[in-house]
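Raw contents of data.pdb, PDB, C-alpha atoms and all ligand atoms:
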```
ATOM      1  CA  MET C   1      -8.697  -5.342 -62.281
ATOM      2  CA  SER C   2      -9.110  -4.015 -65.788
ATOM      3  CA  ARG C   3      -7.072  -5.488 -68.647
ATOM      4  CA  SER C   4      -7.173  -2.822 -71.359
ATOM      5  CA  PRO C   5      -4.377  -2.879 -73.905
ATOM      6  CA  ILE C   6      -1.174  -1.243 -72.668
ATOM      7  CA  ARG C   7       0.678   0.672 -75.352
ATOM      8  CA  PHE C   8       4.374   1.487 -75.583
ATOM      9  CA  GLU C   9       4.403   4.644 -77.689
ATOM     10  CA  ASP C  10       7.396   6.533 -76.284
ATOM     11  CA  GLY C  11      10.748   4.735 -76.143
ATOM     12  CA  ALA C  12      12.499   7.482 -74.163
ATOM     13  CA  ALA C  13       9.741   7.518 -71.507
ATOM     14  CA  TYR C  14       9.896   3.728 -71.314
ATOM     15  CA  GLU C  15      13.636   3.895 -70.817
ATOM     16  CA  ARG C  16      13.322   6.321 -67.868
ATOM     17  CA  GLY C  17      10.344   4.582 -66.306
ATOM     18  CA  MET C  18      11.098   0.897 -66.783
ATOM     19  CA  GLY C  19      14.386   0.594 -68.684
ATOM     20  CA  ALA C  20      16.148   1.855 -65.566
ATOM     21  CA  TRP C  21      14.635  -1.117 -63.697
ATOM     22  CA  SER C  22      15.242  -3.601 -66.456
ATOM     23  CA  LEU C  23      18.996  -2.929 -66.691
ATOM     24  CA  PRO C  24      19.908  -4.031 -63.124
ATOM     25  CA  THR C  25      17.277  -6.778 -63.082
ATOM     26  CA  GLY C  26      18.347  -8.067 -66.483
ATOM     27  CA  ALA C  27      21.945  -8.114 -65.241
ATOM     28  CA  ALA C  28      20.935 -10.257 -62.232
ATOM     29  CA  PHE C  29      18.998 -12.556 -64.586
ATOM     30  CA  LEU C  30      22.007 -12.948 -66.895
ATOM     31  CA  ASP C  31      24.305 -13.658 -63.939
ATOM     32  CA  TRP C  32      21.940 -16.479 -62.977
ATOM     33  CA  LEU C  33      21.844 -17.840 -66.547
ATOM     34  CA  ALA C  34      25.654 -17.610 -66.829
ATOM     35  CA  PRO C  35      25.585 -18.227 -70.608
ATOM     36  CA  ALA C  36      28.672 -19.083 -72.616
ATOM     37  CA  PRO C  37      30.075 -16.144 -74.569
ATOM     38  CA  GLY C  38      29.727 -16.001 -78.337
ATOM     39  CA  LEU C  39      26.113 -17.186 -78.641
ATOM     40  CA  ALA C  40      23.541 -16.043 -81.200
ATOM     41  CA  TRP C  41      20.698 -14.566 -79.096
ATOM     42  CA  LEU C  42      17.085 -13.567 -79.714
ATOM     43  CA  ASP C  43      15.575 -10.973 -77.341
ATOM     44  CA  VAL C  44      11.782 -11.333 -77.599
ATOM     45  CA  GLY C  45       9.852  -8.174 -76.662
ATOM     46  CA  CYS C  46      13.116  -6.232 -76.719
ATOM     47  CA  GLY C  47      11.425  -2.860 -76.096
ATOM     48  CA  SER C  48      13.956  -0.037 -75.894
ATOM     49  CA  GLY C  49      16.855  -2.509 -76.174
ATOM     50  CA  ALA C  50      17.904  -2.495 -72.499
ATOM     51  CA  PHE C  51      18.262  -6.286 -72.309
ATOM     52  CA  THR C  52      19.675  -6.477 -75.854
ATOM     53  CA  GLU C  53      22.440  -4.151 -74.686
ATOM     54  CA  LEU C  54      23.164  -6.491 -71.771
ATOM     55  CA  LEU C  55      23.351  -9.462 -74.141
ATOM     56  CA  LEU C  56      26.111  -7.724 -76.072
ATOM     57  CA  ARG C  57      27.970  -6.174 -73.136
ATOM     58  CA  ARG C  58      27.498  -8.661 -70.309
ATOM     59  CA  ALA C  59      26.883 -11.949 -72.142
ATOM     60  CA  ALA C  60      29.346 -11.250 -74.971
ATOM     61  CA  ALA C  61      26.779 -12.330 -77.578
ATOM     62  CA  ALA C  62      28.202 -12.959 -81.031
ATOM     63  CA  GLU C  63      24.844 -11.980 -82.509
ATOM     64  CA  ALA C  64      21.907 -10.196 -80.898
ATOM     65  CA  HIS C  65      18.493  -9.872 -82.527
ATOM     66  CA  GLY C  66      15.604  -8.067 -80.856
ATOM     67  CA  ILE C  67      11.953  -8.261 -81.820
ATOM     68  CA  ASP C  68       9.038  -6.136 -80.615
ATOM     69  CA  PRO C  69       5.684  -5.033 -82.044
ATOM     70  CA  ALA C  70       6.007  -1.375 -80.905
ATOM     71  CA  PRO C  71       7.610   0.983 -83.488
ATOM     72  CA  ALA C  72       8.492   3.622 -80.846
ATOM     73  CA  GLN C  73      10.376   1.071 -78.752
ATOM     74  CA  LEU C  74      12.229  -0.207 -81.808
ATOM     75  CA  ALA C  75      13.196   3.333 -82.869
ATOM     76  CA  PHE C  76      14.776   3.915 -79.451
ATOM     77  CA  ALA C  77      16.515   0.522 -79.526
ATOM     78  CA  ARG C  78      17.973   1.139 -82.988
ATOM     79  CA  ASP C  79      19.536   4.417 -81.781
ATOM     80  CA  ARG C  80      20.800   2.940 -78.529
ATOM     81  CA  PRO C  81      24.602   3.260 -78.484
ATOM     82  CA  GLY C  82      25.029   0.223 -76.196
ATOM     83  CA  ALA C  83      23.066  -1.954 -78.610
ATOM     84  CA  ALA C  84      25.026  -0.982 -81.723
ATOM     85  CA  GLY C  85      25.528  -4.137 -83.758
ATOM     86  CA  ALA C  86      22.192  -5.657 -82.731
ATOM     87  CA  VAL C  87      19.509  -6.207 -85.370
ATOM     88  CA  PHE C  88      15.958  -5.141 -84.497
ATOM     89  CA  HIS C  89      12.812  -6.541 -86.094
ATOM     90  CA  GLN C  90       9.152  -5.633 -85.781
ATOM     91  CA  GLY C  91       7.001  -8.612 -84.867
ATOM     92  CA  GLU C  92       5.122 -10.663 -82.294
ATOM     93  CA  ALA C  93       6.283 -13.319 -79.868
ATOM     94  CA  GLY C  94       3.472 -15.586 -81.059
ATOM     95  CA  ALA C  95       4.698 -15.676 -84.681
ATOM     96  CA  LEU C  96       8.467 -15.242 -84.733
ATOM     97  CA  PRO C  97       9.682 -14.555 -88.302
ATOM     98  CA  PHE C  98      12.708 -16.860 -88.048
ATOM     99  CA  PRO C  99      13.398 -20.415 -89.211
ATOM    100  CA  ALA C 100      13.580 -23.317 -86.766
ATOM    101  CA  GLU C 101      16.854 -23.658 -84.812
ATOM    102  CA  ARG C 102      18.098 -20.225 -85.952
ATOM    103  CA  PHE C 103      19.471 -19.158 -82.512
ATOM    104  CA  ASP C 104      21.570 -20.570 -79.678
ATOM    105  CA  ALA C 105      19.434 -18.837 -77.042
ATOM    106  CA  ALA C 106      16.226 -16.844 -76.688
ATOM    107  CA  ALA C 107      14.942 -14.786 -73.792
ATOM    108  CA  MET C 108      11.976 -12.657 -72.793
ATOM    109  CA  ALA C 109      12.727  -9.881 -70.316
ATOM    110  CA  LEU C 110       9.582  -8.455 -68.669
ATOM    111  CA  VAL C 111       7.376  -9.639 -71.518
ATOM    112  CA  ILE C 112       5.519 -12.862 -70.738
ATOM    113  CA  PHE C 113       2.617 -11.097 -68.975
ATOM    114  CA  PHE C 114       1.937  -9.010 -72.089
ATOM    115  CA  LEU C 115       1.384 -11.984 -74.371
ATOM    116  CA  PRO C 116      -2.201 -12.904 -75.199
ATOM    117  CA  ASP C 117      -1.077 -16.548 -75.375
ATOM    118  CA  PRO C 118       2.076 -17.076 -73.242
ATOM    119  CA  ALA C 119       2.280 -20.814 -74.106
ATOM    120  CA  ARG C 120       2.462 -19.978 -77.795
ATOM    121  CA  GLY C 121       5.227 -17.436 -77.156
ATOM    122  CA  VAL C 122       7.295 -20.018 -75.254
ATOM    123  CA  ALA C 123       6.700 -22.632 -77.975
ATOM    124  CA  GLU C 124       7.912 -20.128 -80.570
ATOM    125  CA  MET C 125      11.110 -19.462 -78.612
ATOM    126  CA  ALA C 126      11.682 -23.232 -78.335
ATOM    127  CA  ARG C 127      11.128 -23.603 -82.086
ATOM    128  CA  VAL C 128      13.720 -20.994 -83.118
ATOM    129  CA  VAL C 129      16.429 -22.217 -80.703
ATOM    130  CA  ARG C 130      18.645 -25.166 -81.689
ATOM    131  CA  PRO C 131      18.629 -28.440 -79.706
ATOM    132  CA  GLY C 132      20.766 -27.945 -76.610
ATOM    133  CA  GLY C 133      20.124 -24.185 -76.708
ATOM    134  CA  LEU C 134      18.683 -22.037 -73.929
ATOM    135  CA  VAL C 135      15.151 -20.606 -73.554
ATOM    136  CA  ALA C 136      14.669 -18.259 -70.603
ATOM    137  CA  ALA C 137      12.557 -15.434 -69.197
ATOM    138  CA  TYR C 138      12.121 -13.213 -66.218
ATOM    139  CA  ALA C 139       9.099 -11.166 -65.175
ATOM    140  CA  TRP C 140       7.883  -9.137 -62.209
ATOM    141  CA  ASP C 141       6.019 -11.349 -59.772
ATOM    142  CA  MET C 142       2.681  -9.620 -60.366
ATOM    143  CA  ALA C 143       0.517 -11.863 -58.207
ATOM    144  CA  SER C 144       2.495 -11.312 -55.018
ATOM    145  CA  GLY C 145       3.353  -7.616 -55.118
ATOM    146  CA  GLY C 146       6.641  -7.860 -57.019
ATOM    147  CA  PHE C 147       5.779  -5.175 -59.562
ATOM    148  CA  PRO C 148       8.030  -2.159 -58.793
ATOM    149  CA  PHE C 149       5.091   0.197 -58.618
ATOM    150  CA  ALA C 150       2.789  -2.098 -56.634
ATOM    151  CA  PRO C 151       2.145   0.651 -54.007
ATOM    152  CA  ILE C 152       0.558   2.851 -56.685
ATOM    153  CA  ARG C 153      -1.563  -0.027 -57.857
ATOM    154  CA  ALA C 154      -2.706  -0.662 -54.278
ATOM    155  CA  ALA C 155      -3.474   3.047 -53.804
ATOM    156  CA  LEU C 156      -5.548   3.125 -56.992
ATOM    157  CA  ALA C 157      -7.596   0.172 -55.765
ATOM    158  CA  ALA C 158      -7.994   1.695 -52.287
ATOM    159  CA  CYS C 159      -9.336   4.899 -53.886
ATOM    160  CA  GLY C 160     -11.946   2.954 -55.868
ATOM    161  CA  HIS C 161     -10.172   2.924 -59.234
ATOM    162  CA  THR C 162      -9.363  -0.117 -61.300
ATOM    163  CA  PRO C 163      -5.643  -0.558 -61.928
ATOM    164  CA  ILE C 164      -4.914  -1.840 -65.399
ATOM    165  CA  LEU C 165      -3.119  -5.167 -65.537
ATOM    166  CA  PRO C 166      -1.274  -6.762 -68.449
ATOM    167  CA  PRO C 167      -3.403  -9.411 -70.188
ATOM    168  CA  SER C 168      -1.574 -12.468 -68.798
ATOM    169  CA  ALA C 169      -0.392 -11.195 -65.392
ATOM    170  CA  GLU C 170      -0.791 -14.649 -63.810
ATOM    171  CA  ALA C 171       1.871 -16.076 -66.175
ATOM    172  CA  SER C 172       4.551 -14.321 -64.083
ATOM    173  CA  GLY C 173       4.086 -16.642 -61.097
ATOM    174  CA  ILE C 174       7.063 -18.915 -60.540
ATOM    175  CA  ALA C 175       5.015 -22.141 -60.706
ATOM    176  CA  GLU C 176       3.179 -20.855 -63.766
ATOM    177  CA  MET C 177       6.414 -20.038 -65.581
ATOM    178  CA  ALA C 178       7.871 -23.467 -64.768
ATOM    179  CA  ALA C 179       4.661 -25.110 -66.058
ATOM    180  CA  LEU C 180       4.845 -23.082 -69.287
ATOM    181  CA  TRP C 181       8.455 -24.159 -69.834
ATOM    182  CA  ARG C 182       7.694 -27.826 -69.161
ATOM    183  CA  GLY C 183       4.580 -27.586 -71.341
ATOM    184  CA  ALA C 184       6.768 -26.423 -74.239
ATOM    185  CA  GLY C 185       8.849 -29.611 -73.869
ATOM    186  CA  LEU C 186      11.925 -27.858 -72.479
ATOM    187  CA  ALA C 187      14.343 -29.925 -70.398
ATOM    188  CA  GLY C 188      16.225 -29.144 -67.187
ATOM    189  CA  VAL C 189      13.722 -26.475 -66.189
ATOM    190  CA  ALA C 190      14.942 -24.338 -63.297
ATOM    191  CA  THR C 191      13.551 -21.230 -61.600
ATOM    192  CA  THR C 192      14.725 -18.520 -59.258
ATOM    193  CA  SER C 193      13.598 -15.172 -57.825
ATOM    194  CA  PHE C 194      15.519 -12.007 -57.089
ATOM    195  CA  GLU C 195      14.862  -8.575 -55.615
ATOM    196  CA  ILE C 196      16.058  -5.226 -56.928
ATOM    197  CA  THR C 197      15.863  -1.937 -54.997
ATOM    198  CA  ARG C 198      15.857   1.490 -56.566
ATOM    199  CA  ARG C 199      16.005   4.757 -54.637
ATOM    200  CA  PHE C 200      14.299   7.962 -55.769
ATOM    201  CA  ILE C 201      15.337  11.385 -54.528
ATOM    202  CA  ASP C 202      11.819  12.132 -53.239
ATOM    203  CA  PHE C 203       8.194  11.094 -53.567
ATOM    204  CA  ASP C 204       7.567  13.358 -56.570
ATOM    205  CA  ALA C 205      10.464  11.770 -58.446
ATOM    206  CA  PHE C 206       9.134   8.303 -57.595
ATOM    207  CA  TRP C 207       5.641   9.256 -58.787
ATOM    208  CA  ALA C 208       6.801  10.961 -61.984
ATOM    209  CA  VAL C 209       9.023   8.089 -63.086
ATOM    210  CA  SER C 210       6.552   5.383 -62.074
ATOM    211  CA  THR C 211       3.665   6.771 -64.111
ATOM    212  CA  LEU C 212       5.634   7.530 -67.279
ATOM    213  CA  THR C 213       4.795   4.369 -69.153
ATOM    214  CA  GLY C 214       3.027   1.020 -69.326
ATOM    215  CA  SER C 215       0.135  -0.064 -67.136
ATOM    216  CA  LEU C 216       0.425   2.777 -64.607
ATOM    217  CA  ARG C 217       0.399   5.454 -67.251
ATOM    218  CA  ALA C 218      -2.755   3.832 -68.591
ATOM    219  CA  SER C 219      -4.202   3.554 -65.070
ATOM    220  CA  VAL C 220      -3.788   7.234 -64.096
ATOM    221  CA  ALA C 221      -4.423   8.751 -67.523
ATOM    222  CA  GLY C 222      -8.179   9.160 -67.020
ATOM    223  CA  LEU C 223      -8.138  10.579 -63.466
ATOM    224  CA  ASP C 224      -9.142  14.208 -62.831
ATOM    225  CA  ALA C 225      -6.956  16.447 -60.645
ATOM    226  CA  ALA C 226      -8.842  15.721 -57.407
ATOM    227  CA  ALA C 227      -8.815  11.947 -57.963
ATOM    228  CA  LEU C 228      -5.140  12.064 -58.870
ATOM    229  CA  ALA C 229      -4.322  13.982 -55.671
ATOM    230  CA  ARG C 230      -6.162  11.339 -53.583
ATOM    231  CA  VAL C 231      -4.278   8.497 -55.278
ATOM    232  CA  LYS C 232      -0.945  10.262 -54.736
ATOM    233  CA  GLU C 233      -1.746  10.750 -51.053
ATOM    234  CA  ALA C 234      -2.761   7.104 -50.700
ATOM    235  CA  THR C 235       0.460   6.059 -52.467
ATOM    236  CA  CYS C 236       2.547   8.273 -50.180
ATOM    237  CA  ALA C 237       1.154   6.351 -47.210
ATOM    238  CA  ARG C 238       2.239   3.061 -48.792
ATOM    239  CA  VAL C 239       5.887   3.743 -49.662
ATOM    240  CA  ALA C 240       8.968   3.804 -47.454
ATOM    241  CA  ILE C 241      10.089   7.429 -47.178
ATOM    242  CA  ALA C 242      13.472   7.906 -45.487
ATOM    243  CA  ALA C 243      14.389  10.774 -43.153
ATOM    244  CA  ASP C 244      16.071  12.591 -46.065
ATOM    245  CA  GLY C 245      12.837  12.356 -48.086
ATOM    246  CA  SER C 246      14.121   9.709 -50.485
ATOM    247  CA  VAL C 247      11.881   6.816 -51.467
ATOM    248  CA  GLY C 248      13.124   3.242 -51.632
ATOM    249  CA  CYS C 249      11.261   0.849 -53.869
ATOM    250  CA  THR C 250      11.921  -2.898 -54.038
ATOM    251  CA  ALA C 251      10.717  -5.092 -56.872
ATOM    252  CA  ARG C 252      10.786  -8.885 -57.099
ATOM    253  CA  ALA C 253      11.202 -10.877 -60.300
ATOM    254  CA  ASN C 254      10.745 -14.547 -61.091
ATOM    255  CA  ALA C 255      12.956 -16.222 -63.679
ATOM    256  CA  VAL C 256      12.884 -19.513 -65.553
ATOM    257  CA  ARG C 257      15.238 -21.356 -67.861
ATOM    258  CA  GLY C 258      15.169 -24.578 -69.872
ATOM    259  CA  ILE C 259      17.050 -26.387 -72.615
ATOM    260  CA  VAL C 260      15.701 -27.393 -76.034
ATOM    261  CA  PRO C 261      15.850 -31.224 -76.148
ATOM    262  CA  PRO C 262      17.340 -33.104 -79.091
ATOM    263  CA  ALA C 263      14.929 -33.625 -82.006
ATOM    264  CA  PRO C 264      13.139 -37.017 -81.739
ATOM    265  CA  GLY C 265      14.676 -39.798 -83.824
TER     266      GLY C 265
HETATM  267  C1  LIG S 301       8.003  -4.090 -70.116
HETATM  268  S1  LIG S 301       8.548  -4.007 -71.781
HETATM  269  C2  LIG S 301      10.081  -4.955 -71.727
HETATM  270  C3  LIG S 301      11.098  -4.435 -72.698
HETATM  271  C4  LIG S 301      12.495  -5.014 -72.575
HETATM  272  N1  LIG S 301      12.504  -6.443 -72.776
HETATM  273  C5  LIG S 301      13.133  -4.660 -71.269
HETATM  274  O1  LIG S 301      13.640  -5.553 -70.585
HETATM  275  O2  LIG S 301      13.183  -3.468 -70.925
HETATM  276  C6  LIG S 301       7.460  -5.110 -72.596
HETATM  277  C7  LIG S 301       7.660  -5.118 -74.094
HETATM  278  O3  LIG S 301       6.893  -6.204 -74.630
HETATM  279  C8  LIG S 301       6.435  -5.806 -75.878
HETATM  280  N2  LIG S 301       5.314  -6.663 -76.279
HETATM  281  C9  LIG S 301       4.000  -6.506 -76.000
HETATM  282  N3  LIG S 301       3.286  -7.464 -76.598
HETATM  283  C10 LIG S 301       4.170  -8.264 -77.267
HETATM  284  C11 LIG S 301       4.050  -9.408 -78.099
HETATM  285  N4  LIG S 301       2.851  -9.952 -78.365
HETATM  286  N5  LIG S 301       5.168  -9.943 -78.638
HETATM  287  C12 LIG S 301       6.385  -9.409 -78.372
HETATM  288  N6  LIG S 301       6.554  -8.317 -77.596
HETATM  289  C13 LIG S 301       5.468  -7.751 -77.049
HETATM  290  C14 LIG S 301       6.058  -4.339 -75.695
HETATM  291  O4  LIG S 301       5.959  -3.638 -76.918
HETATM  292  C15 LIG S 301       7.181  -3.852 -74.806
HETATM  293  O5  LIG S 301       8.226  -3.279 -75.528
END
```

Target encoding structure tokens, full file:
Amino acid sequence: MSRSPIRFEDGAAYERGMGAWSLPTGAAFLDWLAPAPGLAWLDVGCGSGAFTELLLRRAAAAEAHGIDPAPAQLAFARDRPGAAGAVFHQGEAGALPFPAERFDAAAMALVIFFLPDPARGVAEMARVVRPGGLVAAYAWDMASGGFPFAPIRAALAACGHTPILPPSAEASGIAEMAALWRGAGLAGVATTSFEITRRFIDFDAFWAVSTLTGSLRASVAGLDAAALARVKEATCARVAIAADGSVGCTARANAVRGIVPPAPG
């Protein structure tokens, strides 16, 4: 598998391709976290603001800050009606521009596999959350086919192409996430997994939405028309197409949570 950089240069395309997955999955993640209302939250790798919106609407955050390195994602997030009131910053998970203990809670939604150094990103979240506060994440289970568009990835490989993977795909495993959380000194570490199904009106709709953004956009971008047609055919053979032509697609996410321990002494 190739690990070229994956760029997020179109917030609206991201929202249609992945934001529509991240809203229901983020809601399931928040239901599992069951946070108290009125917390000050940091959303690391906030992208188009889908999870930031959930923090305000579903978790009744008193304060919501999002941070992301991609200007196009931030532009979409800043215009997002559901995230009005949130504050968006440009920056990296590995060097959060906030003082220690600034937030009550921090989360990464679908981000950990993009970090060049996931352990550093988790340590940064733990640093900016107060003792007793929550540090959490969820991510597609990349290693065991949980990525929503795994059938396209499998078709690319079967046709002799190299699907592009995020740089730290292995960090999305449930044991790996738990180890990262424990390694950052977090207490009460707990994990879970959940599945989300999305239905597309037909195969073309599934294909169009799935290749709009992220690693699959990067993976199909260089294919000529004949190669693309072969990959689409191979994908068609790998998805569940119902009698009415609709395509059902199930993704699986792993999630982790932990608590910042009291400062020593
Ligand atoms: C799959 S999107 C997730 C967006 C959003 N959290 C959601 O749930 O829809 C991954 C995001 O991680 C961001 N990202 C990539 N590298 C990052 C880094 N080093 N630090 C913080 N965010 C990063 C990308 O710009 C992108 O917006």

Can you tell me which residues sit at most 8 Å away from ligand LIG 301 (chain S), counting all atoms listed in the file, written as a ChimeraX atom specification?
-> /C:7-8,14-15,18-19,21-23,26,43-52,67-70,73,91-94,108-112,114-116,121,214

Could you work out how far CA of Ala86 (chain C) lies from CA of Asp117 (chain C), giving the answer in Å with one decimal?
->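 So the answer is 26.7 Å.
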
Distance query region 186-201 of chain C at most 6 Å, only C-alpha atoms, self and fewer than 6 positions along chain excluded, as a compact mmCIF listing (two decimals) with C-alpha atoms, keeping the file's coordinate frame:
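Output saved as out31.txt:
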```
# COMPACT_ATOMS: atom_id res chain seq x y z
CA SER C 246 14.12 9.71 -50.48
CA VAL C 247 11.88 6.82 -51.47
CA GLY C 248 13.12 3.24 -51.63
CA CYS C 249 11.26 0.85 -53.87
CA THR C 250 11.92 -2.90 -54.04
CA ALA C 251 10.72 -5.09 -56.87
CA ARG C 252 10.79 -8.88 -57.10
CA ALA C 253 11.20 -10.88 -60.30
CA ASN C 254 10.74 -14.55 -61.09
CA ALA C 255 12.96 -16.22 -63.68
CA VAL C 256 12.88 -19.51 -65.55
CA ARG C 257 15.24 -21.36 -67.86
CA GLY C 258 15.17 -24.58 -69.87
CA ILE C 259 17.05 -26.39 -72.61
CA VAL C 260 15.70 -27.39 -76.03
```

Can you work out the spacing between CA of Gly82 (chain C) and CA of Leu55 (chain C) in Å, to one decimal?
->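 Separating CA of Gly82 (chain C) from CA of Leu55 (chain C) is a distance of 10.0 Å.
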
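When only C-alpha atoms are used to measure the gap to Pro151 (chain C), the shortest distance among C:Ala84, C:Ala126, C:Ala12, C:Leu216 belongs to C:Leu216.
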
Atom pair CA of Ala105 (chain C) / CA of Glu170 (chain C): separation (Å) |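 Going from CA of Ala105 (chain C) over to CA of Glu170 (chain C), I get 24.5 Å.
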
With all atoms listed in the file counted, which protein, DNA or RNA residues have an atom no more than 9 Å from (12.5, -20.4, -79.4) in the file frame? Please answer as a ChimeraX atom specification.
-> /C:42,96,100-103,105-107,121-130,133-135,260

Write the residues of the preceding selection, restricted to C-alpha atoms, as a PDB file, keeping the file's coordinate frame.
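File written: selection_39.pdb
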```pdb
ATOM      1  CA  LEU C  42      17.085 -13.567 -79.714  1.00  0.00           C
ATOM      2  CA  LEU C  96       8.467 -15.242 -84.733  1.00  0.00           C
ATOM      3  CA  ALA C 100      13.580 -23.317 -86.766  1.00  0.00           C
ATOM      4  CA  GLU C 101      16.854 -23.658 -84.812  1.00  0.00           C
ATOM      5  CA  ARG C 102      18.098 -20.225 -85.952  1.00  0.00           C
ATOM      6  CA  PHE C 103      19.471 -19.158 -82.512  1.00  0.00           C
ATOM      7  CA  ALA C 105      19.434 -18.837 -77.042  1.00  0.00           C
ATOM      8  CA  ALA C 106      16.226 -16.844 -76.688  1.00  0.00           C
ATOM      9  CA  ALA C 107      14.942 -14.786 -73.792  1.00  0.00           C
ATOM     10  CA  GLY C 121       5.227 -17.436 -77.156  1.00  0.00           C
ATOM     11  CA  VAL C 122       7.295 -20.018 -75.254  1.00  0.00           C
ATOM     12  CA  ALA C 123       6.700 -22.632 -77.975  1.00  0.00           C
ATOM     13  CA  GLU C 124       7.912 -20.128 -80.570  1.00  0.00           C
ATOM     14  CA  MET C 125      11.110 -19.462 -78.612  1.00  0.00           C
ATOM     15  CA  ALA C 126      11.682 -23.232 -78.335  1.00  0.00           C
ATOM     16  CA  ARG C 127      11.128 -23.603 -82.086  1.00  0.00           C
ATOM     17  CA  VAL C 128      13.720 -20.994 -83.118  1.00  0.00           C
ATOM     18  CA  VAL C 129      16.429 -22.217 -80.703  1.00  0.00           C
ATOM     19  CA  ARG C 130      18.645 -25.166 -81.689  1.00  0.00           C
ATOM     20  CA  GLY C 133      20.124 -24.185 -76.708  1.00  0.00           C
ATOM     21  CA  LEU C 134      18.683 -22.037 -73.929  1.00  0.00           C
ATOM     22  CA  VAL C 135      15.151 -20.606 -73.554  1.00  0.00           C
ATOM     23  CA  VAL C 260      15.701 -27.393 -76.034  1.00  0.00           C
TER      24      VAL C 260
END
```

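Of the listed residues C:Val231, C:Ala72, C:Ala208, C:Ala218, the one whose atoms come nearest to Pro166 (chain C) is C:Ala218, with distances taken using only C-alpha atoms.
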
Please identify all polymer residues lying at most 12 Å from the point (24.8, -14.2, -66.5) (file coordinates), using all atoms listed in the file, and present the result as an NGL selection string.
-> :C and (24-37 or 51 or 54-61 or 136)

Quick one: residues within 9 Å of Pro163 (chain C), all atoms listed in the file, excluding same-chain residues fewer than 2 positions away - as a PDB file with C-alpha atoms, in the coordinates of the input?
```
ATOM      1  CA  MET C   1      -8.697  -5.342 -62.281  1.00  0.00           C
ATOM      2  CA  SER C   2      -9.110  -4.015 -65.788  1.00  0.00           C
ATOM      3  CA  ARG C   3      -7.072  -5.488 -68.647  1.00  0.00           C
ATOM      4  CA  ILE C 152       0.558   2.851 -56.685  1.00  0.00           C
ATOM      5  CA  ARG C 153      -1.563  -0.027 -57.857  1.00  0.00           C
ATOM      6  CA  ALA C 154      -2.706  -0.662 -54.278  1.00  0.00           C
ATOM      7  CA  LEU C 156      -5.548   3.125 -56.992  1.00  0.00           C
ATOM      8  CA  ALA C 157      -7.596   0.172 -55.765  1.00  0.00           C
ATOM      9  CA  HIS C 161     -10.172   2.924 -59.234  1.00  0.00           C
ATOM     10  CA  LEU C 165      -3.119  -5.167 -65.537  1.00  0.00           C
ATOM     11  CA  SER C 215       0.135  -0.064 -67.136  1.00  0.00           C
ATOM     12  CA  LEU C 216       0.425   2.777 -64.607  1.00  0.00           C
ATOM     13  CA  ALA C 218      -2.755   3.832 -68.591  1.00  0.00           C
ATOM     14  CA  SER C 219      -4.202   3.554 -65.070  1.00  0.00           C
ATOM     15  CA  VAL C 220      -3.788   7.234 -64.096  1.00  0.00           C
TER      16      VAL C 220
END
```

Between C:Ala155, C:Gly185, C:Ala77, C:Ser168, which has the minimum distance to Lys232 (chain C) (counting all atoms listed in the file)?
->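 Smallest separation from Lys232 (chain C) among the options: C:Ala155.
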
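Nearest-residue note for Thr211 (chain C): choosing from C:Pro148, C:Gly245, C:Gly66, C:Pro131, the minimum distance belongs to C:Pro148, counting only C-alpha atoms.
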
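Among the candidates C:Thr213, C:Tyr138, C:Cys159, C:Leu74, the one nearest to Ala13 (chain C) when counting only C-alpha atoms is C:Thr213.
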
Smallest atom-to-atom distance to Phe149 (chain C): which of C:Leu228, C:Ala205, C:Ala171, C:Val239, using all atoms listed in the file?
-> C:Val239
